[in-house]
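Structure below is my_file38.cif: mmCIF, N, CA and C atoms and all ligand atoms.
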data_coords
#
loop_
_atom_site.label_atom_id
_atom_site.label_comp_id
_atom_site.auth_asym_id
_atom_site.auth_seq_id
_atom_site.Cartn_x
_atom_site.Cartn_y
_atom_site.Cartn_z
N MET A 904 -18.48 8.28 -5.63
CA MET A 904 -17.49 9.33 -5.33
C MET A 904 -17.72 9.86 -3.92
N SER A 905 -16.64 10.00 -3.15
CA SER A 905 -16.75 10.51 -1.78
C SER A 905 -16.16 11.92 -1.70
N ASP A 906 -16.82 12.80 -0.96
CA ASP A 906 -16.31 14.17 -0.80
C ASP A 906 -15.33 14.28 0.37
N GLU A 907 -15.32 13.23 1.21
CA GLU A 907 -14.50 13.26 2.42
C GLU A 907 -13.01 13.30 2.09
N GLU A 908 -12.26 14.23 2.76
CA GLU A 908 -10.80 14.20 2.68
C GLU A 908 -10.33 13.07 3.59
N THR A 909 -9.38 12.29 3.13
CA THR A 909 -8.76 11.30 4.00
C THR A 909 -7.26 11.53 3.95
N ILE A 910 -6.56 10.83 4.83
CA ILE A 910 -5.10 10.92 4.81
C ILE A 910 -4.56 10.52 3.42
N PHE A 911 -5.25 9.60 2.74
CA PHE A 911 -4.75 9.16 1.43
C PHE A 911 -5.01 10.21 0.35
N SER A 912 -6.15 10.92 0.43
CA SER A 912 -6.34 11.97 -0.59
C SER A 912 -5.33 13.09 -0.38
N LEU A 913 -4.95 13.34 0.88
CA LEU A 913 -3.93 14.36 1.15
C LEU A 913 -2.58 13.91 0.58
N ILE A 914 -2.28 12.62 0.71
CA ILE A 914 -1.02 12.08 0.15
C ILE A 914 -1.07 12.16 -1.38
N ILE A 915 -2.20 11.75 -1.97
CA ILE A 915 -2.36 11.80 -3.44
C ILE A 915 -2.18 13.23 -3.95
N ASP A 916 -2.72 14.19 -3.20
CA ASP A 916 -2.63 15.61 -3.61
C ASP A 916 -1.27 16.23 -3.25
N GLY A 917 -0.39 15.44 -2.66
CA GLY A 917 0.95 15.95 -2.32
C GLY A 917 0.95 16.89 -1.13
N LYS A 918 -0.11 16.85 -0.33
CA LYS A 918 -0.20 17.80 0.80
C LYS A 918 0.52 17.26 2.04
N ILE A 919 0.67 15.97 2.12
CA ILE A 919 1.48 15.40 3.20
C ILE A 919 2.44 14.36 2.60
N PRO A 920 3.59 14.18 3.27
CA PRO A 920 4.62 13.32 2.68
C PRO A 920 4.31 11.84 2.80
N SER A 921 4.97 11.05 1.97
CA SER A 921 4.85 9.59 2.04
C SER A 921 6.10 9.01 1.42
N TYR A 922 6.31 7.72 1.67
CA TYR A 922 7.36 6.99 0.97
C TYR A 922 6.73 6.43 -0.28
N LYS A 923 6.93 7.17 -1.39
CA LYS A 923 6.21 6.84 -2.63
C LYS A 923 6.99 5.84 -3.47
N LEU A 924 6.40 4.71 -3.72
CA LEU A 924 7.05 3.64 -4.49
C LEU A 924 6.72 3.74 -5.97
N TYR A 925 5.55 4.26 -6.28
CA TYR A 925 5.10 4.31 -7.67
C TYR A 925 3.94 5.28 -7.77
N GLU A 926 3.84 5.96 -8.91
CA GLU A 926 2.66 6.80 -9.16
C GLU A 926 2.43 6.92 -10.66
N ASP A 927 1.19 6.81 -11.07
CA ASP A 927 0.82 7.22 -12.43
C ASP A 927 -0.50 7.99 -12.34
N GLU A 928 -1.19 8.17 -13.45
CA GLU A 928 -2.39 9.04 -13.39
C GLU A 928 -3.55 8.42 -12.60
N LEU A 929 -3.50 7.09 -12.41
CA LEU A 929 -4.65 6.41 -11.77
C LEU A 929 -4.36 5.86 -10.38
N ILE A 930 -3.11 5.57 -10.08
CA ILE A 930 -2.79 4.88 -8.81
C ILE A 930 -1.53 5.44 -8.18
N ILE A 931 -1.39 5.14 -6.88
CA ILE A 931 -0.17 5.49 -6.16
C ILE A 931 0.14 4.33 -5.22
N ALA A 932 1.43 4.06 -5.01
CA ALA A 932 1.83 3.01 -4.06
C ALA A 932 2.79 3.65 -3.06
N ILE A 933 2.52 3.41 -1.78
CA ILE A 933 3.35 3.99 -0.70
C ILE A 933 3.63 2.92 0.35
N LEU A 934 4.68 3.16 1.13
CA LEU A 934 4.92 2.28 2.28
C LEU A 934 3.91 2.62 3.38
N ASP A 935 3.39 1.59 4.05
CA ASP A 935 2.49 1.79 5.19
C ASP A 935 3.29 2.35 6.37
N ILE A 936 2.73 3.32 7.04
CA ILE A 936 3.42 4.01 8.13
C ILE A 936 3.50 3.16 9.41
N ASN A 937 2.65 2.17 9.53
CA ASN A 937 2.67 1.25 10.68
C ASN A 937 2.68 -0.19 10.17
N PRO A 938 3.82 -0.59 9.61
CA PRO A 938 3.83 -1.86 8.87
C PRO A 938 3.68 -3.10 9.75
N PHE A 939 3.04 -4.11 9.19
CA PHE A 939 3.01 -5.44 9.82
C PHE A 939 4.37 -6.12 9.64
N SER A 940 5.08 -5.74 8.58
CA SER A 940 6.43 -6.26 8.33
C SER A 940 7.12 -5.26 7.40
N PRO A 941 8.47 -5.30 7.32
CA PRO A 941 9.17 -4.39 6.42
C PRO A 941 8.68 -4.58 4.98
N GLY A 942 8.44 -3.48 4.29
CA GLY A 942 7.96 -3.55 2.91
C GLY A 942 6.45 -3.52 2.79
N HIS A 943 5.74 -3.52 3.91
CA HIS A 943 4.26 -3.44 3.88
C HIS A 943 3.87 -2.20 3.07
N THR A 944 3.15 -2.45 2.01
CA THR A 944 2.86 -1.41 1.01
C THR A 944 1.36 -1.24 0.83
N LEU A 945 0.96 -0.03 0.49
CA LEU A 945 -0.44 0.26 0.18
C LEU A 945 -0.53 0.68 -1.29
N LEU A 946 -1.37 0.02 -2.04
CA LEU A 946 -1.64 0.41 -3.43
C LEU A 946 -3.00 1.10 -3.43
N ILE A 947 -3.01 2.36 -3.82
CA ILE A 947 -4.20 3.19 -3.63
C ILE A 947 -4.64 3.78 -4.97
N PRO A 948 -5.86 3.47 -5.42
CA PRO A 948 -6.37 4.17 -6.60
C PRO A 948 -6.59 5.65 -6.25
N LYS A 949 -6.33 6.52 -7.20
CA LYS A 949 -6.54 7.96 -6.92
C LYS A 949 -8.02 8.30 -6.86
N GLU A 950 -8.82 7.50 -7.53
CA GLU A 950 -10.27 7.74 -7.53
C GLU A 950 -10.77 7.73 -6.08
N LYS A 951 -11.58 8.76 -5.76
CA LYS A 951 -11.98 8.97 -4.35
C LYS A 951 -13.24 8.19 -4.02
N VAL A 952 -13.10 6.89 -3.79
CA VAL A 952 -14.23 6.09 -3.33
C VAL A 952 -13.81 5.35 -2.07
N VAL A 953 -14.80 4.98 -1.26
CA VAL A 953 -14.49 4.41 0.05
C VAL A 953 -14.18 2.92 -0.05
N THR A 954 -15.00 2.20 -0.82
CA THR A 954 -14.88 0.73 -0.83
C THR A 954 -14.76 0.20 -2.26
N LEU A 955 -14.27 -1.02 -2.35
CA LEU A 955 -13.92 -1.62 -3.65
C LEU A 955 -15.11 -1.73 -4.60
N ASP A 956 -16.29 -2.00 -4.06
CA ASP A 956 -17.47 -2.18 -4.90
C ASP A 956 -17.85 -0.91 -5.65
N LYS A 957 -17.32 0.24 -5.19
CA LYS A 957 -17.64 1.53 -5.84
C LYS A 957 -16.59 1.93 -6.88
N LEU A 958 -15.53 1.17 -7.00
CA LEU A 958 -14.40 1.57 -7.86
C LEU A 958 -14.73 1.36 -9.34
N SER A 959 -14.33 2.30 -10.18
CA SER A 959 -14.58 2.17 -11.63
C SER A 959 -13.72 1.05 -12.20
N SER A 960 -14.15 0.53 -13.33
CA SER A 960 -13.39 -0.53 -14.01
C SER A 960 -12.01 -0.03 -14.43
N LYS A 961 -11.95 1.23 -14.81
CA LYS A 961 -10.67 1.79 -15.26
C LYS A 961 -9.64 1.77 -14.12
N SER A 962 -10.06 2.23 -12.93
CA SER A 962 -9.14 2.23 -11.79
C SER A 962 -8.84 0.80 -11.34
N ALA A 963 -9.87 -0.05 -11.38
CA ALA A 963 -9.67 -1.45 -10.96
C ALA A 963 -8.66 -2.13 -11.87
N ALA A 964 -8.72 -1.83 -13.16
CA ALA A 964 -7.76 -2.42 -14.09
C ALA A 964 -6.35 -1.94 -13.79
N ALA A 965 -6.22 -0.67 -13.44
CA ALA A 965 -4.89 -0.12 -13.12
C ALA A 965 -4.33 -0.81 -11.87
N VAL A 966 -5.19 -1.02 -10.88
CA VAL A 966 -4.77 -1.72 -9.66
C VAL A 966 -4.36 -3.16 -10.01
N GLY A 967 -5.19 -3.82 -10.80
CA GLY A 967 -4.92 -5.21 -11.16
C GLY A 967 -3.62 -5.38 -11.93
N ARG A 968 -3.33 -4.40 -12.80
CA ARG A 968 -2.08 -4.45 -13.56
C ARG A 968 -0.88 -4.30 -12.64
N MET A 969 -1.01 -3.45 -11.63
CA MET A 969 0.15 -3.10 -10.80
C MET A 969 0.39 -4.08 -9.66
N LEU A 970 -0.64 -4.73 -9.15
CA LEU A 970 -0.46 -5.59 -7.96
C LEU A 970 0.65 -6.65 -8.15
N PRO A 971 0.63 -7.42 -9.25
CA PRO A 971 1.69 -8.42 -9.39
C PRO A 971 3.09 -7.81 -9.49
N LYS A 972 3.23 -6.75 -10.28
CA LYS A 972 4.55 -6.10 -10.47
C LYS A 972 5.09 -5.57 -9.15
N LEU A 973 4.21 -4.89 -8.43
CA LEU A 973 4.61 -4.29 -7.15
C LEU A 973 4.96 -5.39 -6.15
N SER A 974 4.17 -6.44 -6.12
CA SER A 974 4.44 -7.56 -5.20
C SER A 974 5.81 -8.14 -5.50
N LYS A 975 6.10 -8.31 -6.79
CA LYS A 975 7.38 -8.89 -7.20
C LYS A 975 8.55 -8.01 -6.72
N ALA A 976 8.41 -6.70 -6.90
CA ALA A 976 9.48 -5.78 -6.47
C ALA A 976 9.65 -5.84 -4.96
N ILE A 977 8.57 -5.90 -4.23
CA ILE A 977 8.63 -5.93 -2.76
C ILE A 977 9.30 -7.22 -2.28
N LEU A 978 8.96 -8.34 -2.91
CA LEU A 978 9.59 -9.61 -2.54
C LEU A 978 11.09 -9.54 -2.80
N GLU A 979 11.45 -9.00 -3.96
CA GLU A 979 12.87 -8.93 -4.31
C GLU A 979 13.66 -8.11 -3.30
N ILE A 980 13.10 -6.99 -2.88
CA ILE A 980 13.83 -6.08 -1.99
C ILE A 980 13.83 -6.56 -0.54
N THR A 981 12.76 -7.17 -0.10
CA THR A 981 12.70 -7.59 1.31
C THR A 981 13.28 -8.99 1.52
N GLY A 982 13.38 -9.77 0.45
CA GLY A 982 13.84 -11.16 0.61
C GLY A 982 12.71 -12.09 1.03
N ALA A 983 11.53 -11.55 1.23
CA ALA A 983 10.40 -12.43 1.58
C ALA A 983 10.03 -13.29 0.37
N GLU A 984 9.54 -14.48 0.64
CA GLU A 984 9.10 -15.36 -0.45
C GLU A 984 7.59 -15.53 -0.44
N GLU A 985 6.95 -15.01 0.62
CA GLU A 985 5.50 -15.16 0.75
C GLU A 985 4.90 -13.80 1.10
N PHE A 986 3.62 -13.64 0.82
CA PHE A 986 2.98 -12.38 1.15
C PHE A 986 1.47 -12.53 1.16
N ASN A 987 0.82 -11.56 1.81
CA ASN A 987 -0.64 -11.48 1.81
C ASN A 987 -1.08 -10.21 1.12
N ILE A 988 -2.22 -10.31 0.43
CA ILE A 988 -2.94 -9.12 -0.04
C ILE A 988 -4.14 -8.97 0.89
N LEU A 989 -4.27 -7.78 1.46
CA LEU A 989 -5.38 -7.52 2.39
C LEU A 989 -6.16 -6.33 1.86
N GLN A 990 -7.46 -6.42 1.91
CA GLN A 990 -8.28 -5.33 1.37
C GLN A 990 -9.55 -5.23 2.22
N ASN A 991 -9.63 -4.19 3.05
CA ASN A 991 -10.71 -4.03 4.02
C ASN A 991 -11.75 -3.03 3.52
N ASN A 992 -13.01 -3.38 3.68
CA ASN A 992 -14.10 -2.49 3.25
C ASN A 992 -15.11 -2.32 4.37
N GLY A 993 -15.08 -1.15 5.01
CA GLY A 993 -16.04 -0.86 6.08
C GLY A 993 -15.42 -1.01 7.45
N ILE A 994 -15.98 -0.25 8.38
CA ILE A 994 -15.40 -0.17 9.73
C ILE A 994 -15.40 -1.51 10.45
N ASN A 995 -16.46 -2.30 10.24
CA ASN A 995 -16.52 -3.61 10.89
C ASN A 995 -15.63 -4.64 10.21
N ALA A 996 -15.17 -4.28 9.02
CA ALA A 996 -14.24 -5.15 8.28
C ALA A 996 -12.81 -4.61 8.42
N PHE A 997 -12.56 -3.84 9.49
CA PHE A 997 -11.23 -3.35 9.87
C PHE A 997 -10.70 -2.23 8.98
N GLN A 998 -11.57 -1.57 8.20
CA GLN A 998 -11.09 -0.41 7.43
C GLN A 998 -10.93 0.77 8.37
N SER A 999 -9.79 1.45 8.30
CA SER A 999 -9.59 2.62 9.16
C SER A 999 -9.37 3.90 8.35
N VAL A 1000 -8.96 3.76 7.08
CA VAL A 1000 -8.85 4.93 6.20
C VAL A 1000 -9.89 4.73 5.10
N PHE A 1001 -10.79 5.69 5.00
CA PHE A 1001 -11.98 5.48 4.17
C PHE A 1001 -11.78 6.00 2.74
N HIS A 1002 -10.74 5.46 2.15
CA HIS A 1002 -10.41 5.64 0.73
C HIS A 1002 -9.86 4.27 0.30
N VAL A 1003 -10.49 3.67 -0.69
CA VAL A 1003 -10.17 2.28 -1.03
C VAL A 1003 -8.66 2.06 -1.25
N HIS A 1004 -8.15 0.95 -0.76
CA HIS A 1004 -6.73 0.64 -0.89
C HIS A 1004 -6.48 -0.86 -0.70
N PHE A 1005 -5.35 -1.32 -1.21
CA PHE A 1005 -4.92 -2.72 -1.08
C PHE A 1005 -3.61 -2.74 -0.29
N HIS A 1006 -3.53 -3.67 0.67
CA HIS A 1006 -2.27 -3.90 1.39
C HIS A 1006 -1.51 -5.04 0.70
N ILE A 1007 -0.21 -4.86 0.54
CA ILE A 1007 0.68 -5.96 0.16
C ILE A 1007 1.60 -6.16 1.36
N ILE A 1008 1.54 -7.34 1.99
CA ILE A 1008 2.22 -7.54 3.27
C ILE A 1008 3.17 -8.73 3.18
N PRO A 1009 4.49 -8.46 3.10
CA PRO A 1009 5.43 -9.58 3.09
C PRO A 1009 5.29 -10.44 4.34
N LYS A 1010 5.41 -11.75 4.17
CA LYS A 1010 5.33 -12.68 5.30
C LYS A 1010 6.67 -13.40 5.41
N PHE A 1011 7.27 -13.35 6.60
CA PHE A 1011 8.59 -13.95 6.81
C PHE A 1011 8.46 -15.22 7.65
N PRO A 1012 9.41 -16.13 7.47
CA PRO A 1012 9.36 -17.40 8.21
C PRO A 1012 9.33 -17.20 9.73
N ASP A 1013 9.91 -16.07 10.21
CA ASP A 1013 9.92 -15.84 11.67
C ASP A 1013 8.57 -15.30 12.18
N GLY A 1014 7.60 -15.18 11.31
CA GLY A 1014 6.26 -14.77 11.74
C GLY A 1014 5.90 -13.34 11.41
N ARG A 1015 6.93 -12.49 11.09
CA ARG A 1015 6.58 -11.10 10.75
C ARG A 1015 5.69 -11.09 9.52
N GLY A 1016 4.69 -10.22 9.58
CA GLY A 1016 3.71 -10.14 8.50
C GLY A 1016 2.32 -10.10 9.09
N LEU A 1017 1.37 -10.52 8.29
CA LEU A 1017 -0.02 -10.51 8.75
C LEU A 1017 -0.21 -11.58 9.83
N GLN A 1018 -0.70 -11.16 10.98
CA GLN A 1018 -0.94 -12.10 12.09
C GLN A 1018 -2.28 -11.76 12.70
N PHE A 1019 -2.92 -12.72 13.27
CA PHE A 1019 -4.18 -12.48 13.98
C PHE A 1019 -3.92 -12.64 15.46
N PRO A 1020 -4.30 -11.70 16.34
CA PRO A 1020 -4.82 -10.39 15.96
C PRO A 1020 -3.73 -9.54 15.31
N PHE A 1021 -4.15 -8.56 14.47
CA PHE A 1021 -3.19 -7.73 13.74
C PHE A 1021 -2.22 -7.05 14.69
N LYS A 1022 -0.94 -7.09 14.33
CA LYS A 1022 0.11 -6.46 15.15
C LYS A 1022 1.02 -5.66 14.24
N SER A 1023 1.22 -4.37 14.52
CA SER A 1023 2.13 -3.57 13.69
C SER A 1023 3.09 -2.82 14.58
N THR A 1024 4.20 -2.34 13.97
CA THR A 1024 5.15 -1.49 14.70
C THR A 1024 5.40 -0.26 13.85
N PRO A 1025 5.77 0.87 14.46
CA PRO A 1025 6.02 2.08 13.66
C PRO A 1025 7.12 1.84 12.62
N ILE A 1026 7.01 2.55 11.51
CA ILE A 1026 7.97 2.39 10.41
C ILE A 1026 9.37 2.77 10.87
N ASP A 1027 10.38 2.07 10.31
CA ASP A 1027 11.79 2.43 10.52
C ASP A 1027 12.14 3.37 9.36
N HIS A 1028 12.32 4.66 9.66
CA HIS A 1028 12.46 5.67 8.60
C HIS A 1028 13.74 5.47 7.77
N GLU A 1029 14.83 5.09 8.42
CA GLU A 1029 16.08 4.89 7.67
C GLU A 1029 15.91 3.75 6.66
N GLU A 1030 15.30 2.67 7.13
CA GLU A 1030 15.06 1.52 6.27
C GLU A 1030 14.08 1.90 5.15
N ALA A 1031 13.08 2.72 5.47
CA ALA A 1031 12.05 3.10 4.50
C ALA A 1031 12.65 3.91 3.35
N ILE A 1032 13.60 4.79 3.66
CA ILE A 1032 14.22 5.62 2.60
C ILE A 1032 14.96 4.72 1.61
N ILE A 1033 15.71 3.77 2.14
CA ILE A 1033 16.49 2.86 1.28
C ILE A 1033 15.55 1.98 0.45
N MET A 1034 14.54 1.45 1.12
CA MET A 1034 13.60 0.55 0.44
C MET A 1034 12.83 1.27 -0.66
N THR A 1035 12.41 2.50 -0.39
CA THR A 1035 11.67 3.29 -1.38
C THR A 1035 12.51 3.47 -2.64
N GLU A 1036 13.77 3.84 -2.46
CA GLU A 1036 14.68 4.05 -3.59
C GLU A 1036 14.82 2.77 -4.41
N LYS A 1037 15.03 1.64 -3.72
CA LYS A 1037 15.26 0.37 -4.43
C LYS A 1037 14.01 -0.09 -5.18
N ILE A 1038 12.86 0.04 -4.55
CA ILE A 1038 11.63 -0.42 -5.20
C ILE A 1038 11.28 0.50 -6.37
N ASN A 1039 11.49 1.82 -6.19
CA ASN A 1039 11.31 2.76 -7.31
C ASN A 1039 12.10 2.29 -8.53
N GLN A 1040 13.37 1.94 -8.32
CA GLN A 1040 14.26 1.56 -9.41
C GLN A 1040 13.75 0.30 -10.12
N ILE A 1041 13.37 -0.70 -9.32
CA ILE A 1041 12.91 -1.96 -9.92
C ILE A 1041 11.66 -1.75 -10.75
N ILE A 1042 10.73 -0.95 -10.24
CA ILE A 1042 9.48 -0.74 -10.96
C ILE A 1042 9.74 0.03 -12.25
N ILE A 1043 10.61 1.03 -12.18
CA ILE A 1043 10.93 1.81 -13.39
C ILE A 1043 11.55 0.90 -14.45
N LYS A 1044 12.46 0.02 -14.01
CA LYS A 1044 13.12 -0.91 -14.95
C LYS A 1044 12.10 -1.85 -15.62
N GLY A 1045 11.12 -2.26 -14.83
CA GLY A 1045 10.18 -3.30 -15.30
C GLY A 1045 9.03 -2.76 -16.12
N LEU A 1046 8.89 -1.44 -16.25
CA LEU A 1046 7.72 -0.92 -16.96
C LEU A 1046 7.94 -0.84 -18.48
P1 LIG B 1101 -7.09 -0.14 6.68
O1 LIG B 1101 -7.23 -0.58 8.10
O2 LIG B 1101 -7.23 -1.27 5.70
O3 LIG B 1101 -8.00 1.04 6.37
O4 LIG B 1101 -5.58 0.35 6.54
C1 LIG B 1101 -5.18 1.67 6.62
C2 LIG B 1101 -3.68 1.65 6.66
O5 LIG B 1101 -3.21 2.96 6.40
C3 LIG B 1101 -3.08 1.24 8.01
O6 LIG B 1101 -2.26 0.08 7.84
C4 LIG B 1101 -2.24 2.45 8.43
O7 LIG B 1101 -1.04 2.11 9.07
C5 LIG B 1101 -1.99 3.13 7.09
N1 LIG B 1101 -1.75 4.56 7.18
C6 LIG B 1101 -2.45 5.49 7.88
N2 LIG B 1101 -1.91 6.72 7.70
C7 LIG B 1101 -0.86 6.56 6.85
C8 LIG B 1101 0.10 7.45 6.28
N3 LIG B 1101 0.08 8.77 6.54
N4 LIG B 1101 1.04 6.94 5.46
C9 LIG B 1101 1.08 5.61 5.20
N5 LIG B 1101 0.21 4.73 5.70
C10 LIG B 1101 -0.74 5.18 6.52
#
Using structure tokens, write down the structure that the file contains.
Amino acid sequence: MSDEETIFSLIIDGKIPSYKLYEDELIIAILDINPFSPGHTLLIPKEKVVTLDKLSSKSAAAVGRMLPKLSKAILEITGAEEFNILQNNGINAFQSVFHVHFHIIPKFPDGRGLQFPFKSTPIDHEEAIIMTEKINQIIIKGL
């Protein structure tokens, strides 16, 4: 358990806004604010731990249950047929927010998506509002 406040604990606590795709008692899914591609999503366990090795089995199971469903919804809405799951643990492993999380990153034939070296652009807010609504609907239907 970590005592540190992070941007994600503030989002989980509703203290700062996010494009929320899904939430239950254990996890939250939001659009990444600096996406590698449209639909770049973060699946975040609410449990306050920094890295995956510290996560409880209960939270890990919730993440595992949601990853395929969320990926499917993101593919449907973005039209992407391919995607990467990225999960960074530690500063030297490119972690920048020290609350465990999984990236779901659509990959498009034109190259948008995960690239080395990592390249992102600021979120398109108009597109994010529409995408959030559509993904919310698909996930609700599928549960
Ligand atoms: P990592 O490098 O794996 O720790 O990824 C952290 C991710 O959090 C980055 O892709 C950031 O763009 C994203 N991020 C940081 N602040 C926010 C925020 N307020 N809302 C959504 N995503 C964020």
message = What does the list of residues within 7 Å of ligand LIG 1101 (chain B) look like if you count only C-alpha atoms and all ligand atoms, written as an NGL selection string?
response = :A and (910 or 921 or 933-938 or 990-991 or 997-1001 or 1004)
For Thr909 (chain A), which residue out of A:Pro1012, A:Ile1007, A:His1002, A:Ala1031 is the nearest one, using all atoms listed in the file?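 Among the listed residues, A:His1002 lies closest to Thr909 (chain A).
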**Message:** I need the residues of chain A that end up classed as helix (DSSP H, G or I) by DSSP on the backbone, written out as a PyMOL selection string.
**Reply:** chain A and resi 910-915+955-957+960-981+994-996+1028-1045
The distance between CA of Ala932 (chain A) and CA of Ile947 (chain A) is 6.0 Å
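Atom N of Tyr922 (chain A) lies 13.3 Å from CA of Pro1025 (chain A).
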Open item on the list: List as a list of chain:residue names the protein and nucleic acid residues near Ser912 (chain A), meaning an atom at most 8 Å away when all atoms listed in the file are counted, but skip any in the same chain fewer than 3 places from it.
Closed with: A:Glu907, A:Glu908, A:Thr909, A:Ile915, A:Asp916, A:Gly917, A:Lys918, A:Ile919, A:Lys949, A:Lys951, A:Phe1001, A:His1002
| request: Could you check how far CA of Tyr925 (chain A) sits from CA of Leu973 (chain A), in Å to one decimal? | output: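 Distance reported for this atom pair: 8.6 Å.
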*asked:* Using all atoms listed in the file, can you tell me which of A:Ala976, A:Lys957, A:Glu928, A:Ser962 comes closest to Lys1037 (chain A)?
replied: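 When distances to Lys1037 (chain A) are compared using all atoms listed in the file, the smallest one comes from A:Ala976.
Shortest separation to Pro1020 (chain A) among A:Asp956, A:Phe939, A:Ala965, A:His1006 occurs at residue A:Phe939, atoms counted being only C-alpha atoms.
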- Item | Residues of chain A in strand (DSSP E), written as number ranges by chain | A: 923-926, 930-934, 944-948, 985-989, 1005-1010
I'd like to know which of A:Lys972, A:Lys923, A:His943, A:Lys961 is closest to Gly1045 (chain A), using all atoms listed in the file.
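Residue with the minimum atom-to-atom distance to Gly1045 (chain A): A:Lys972.
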Problem - Minimum-distance residue to Gly1016 (chain A), chosen among A:Ala964, A:Ser940, A:Ile1041, A:Leu955 (using only N, CA and C atoms) - result: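 Checking each of A:Ala964, A:Ser940, A:Ile1041, A:Leu955 against Gly1016 (chain A), counting only N, CA and C atoms, the winner is A:Ser940.
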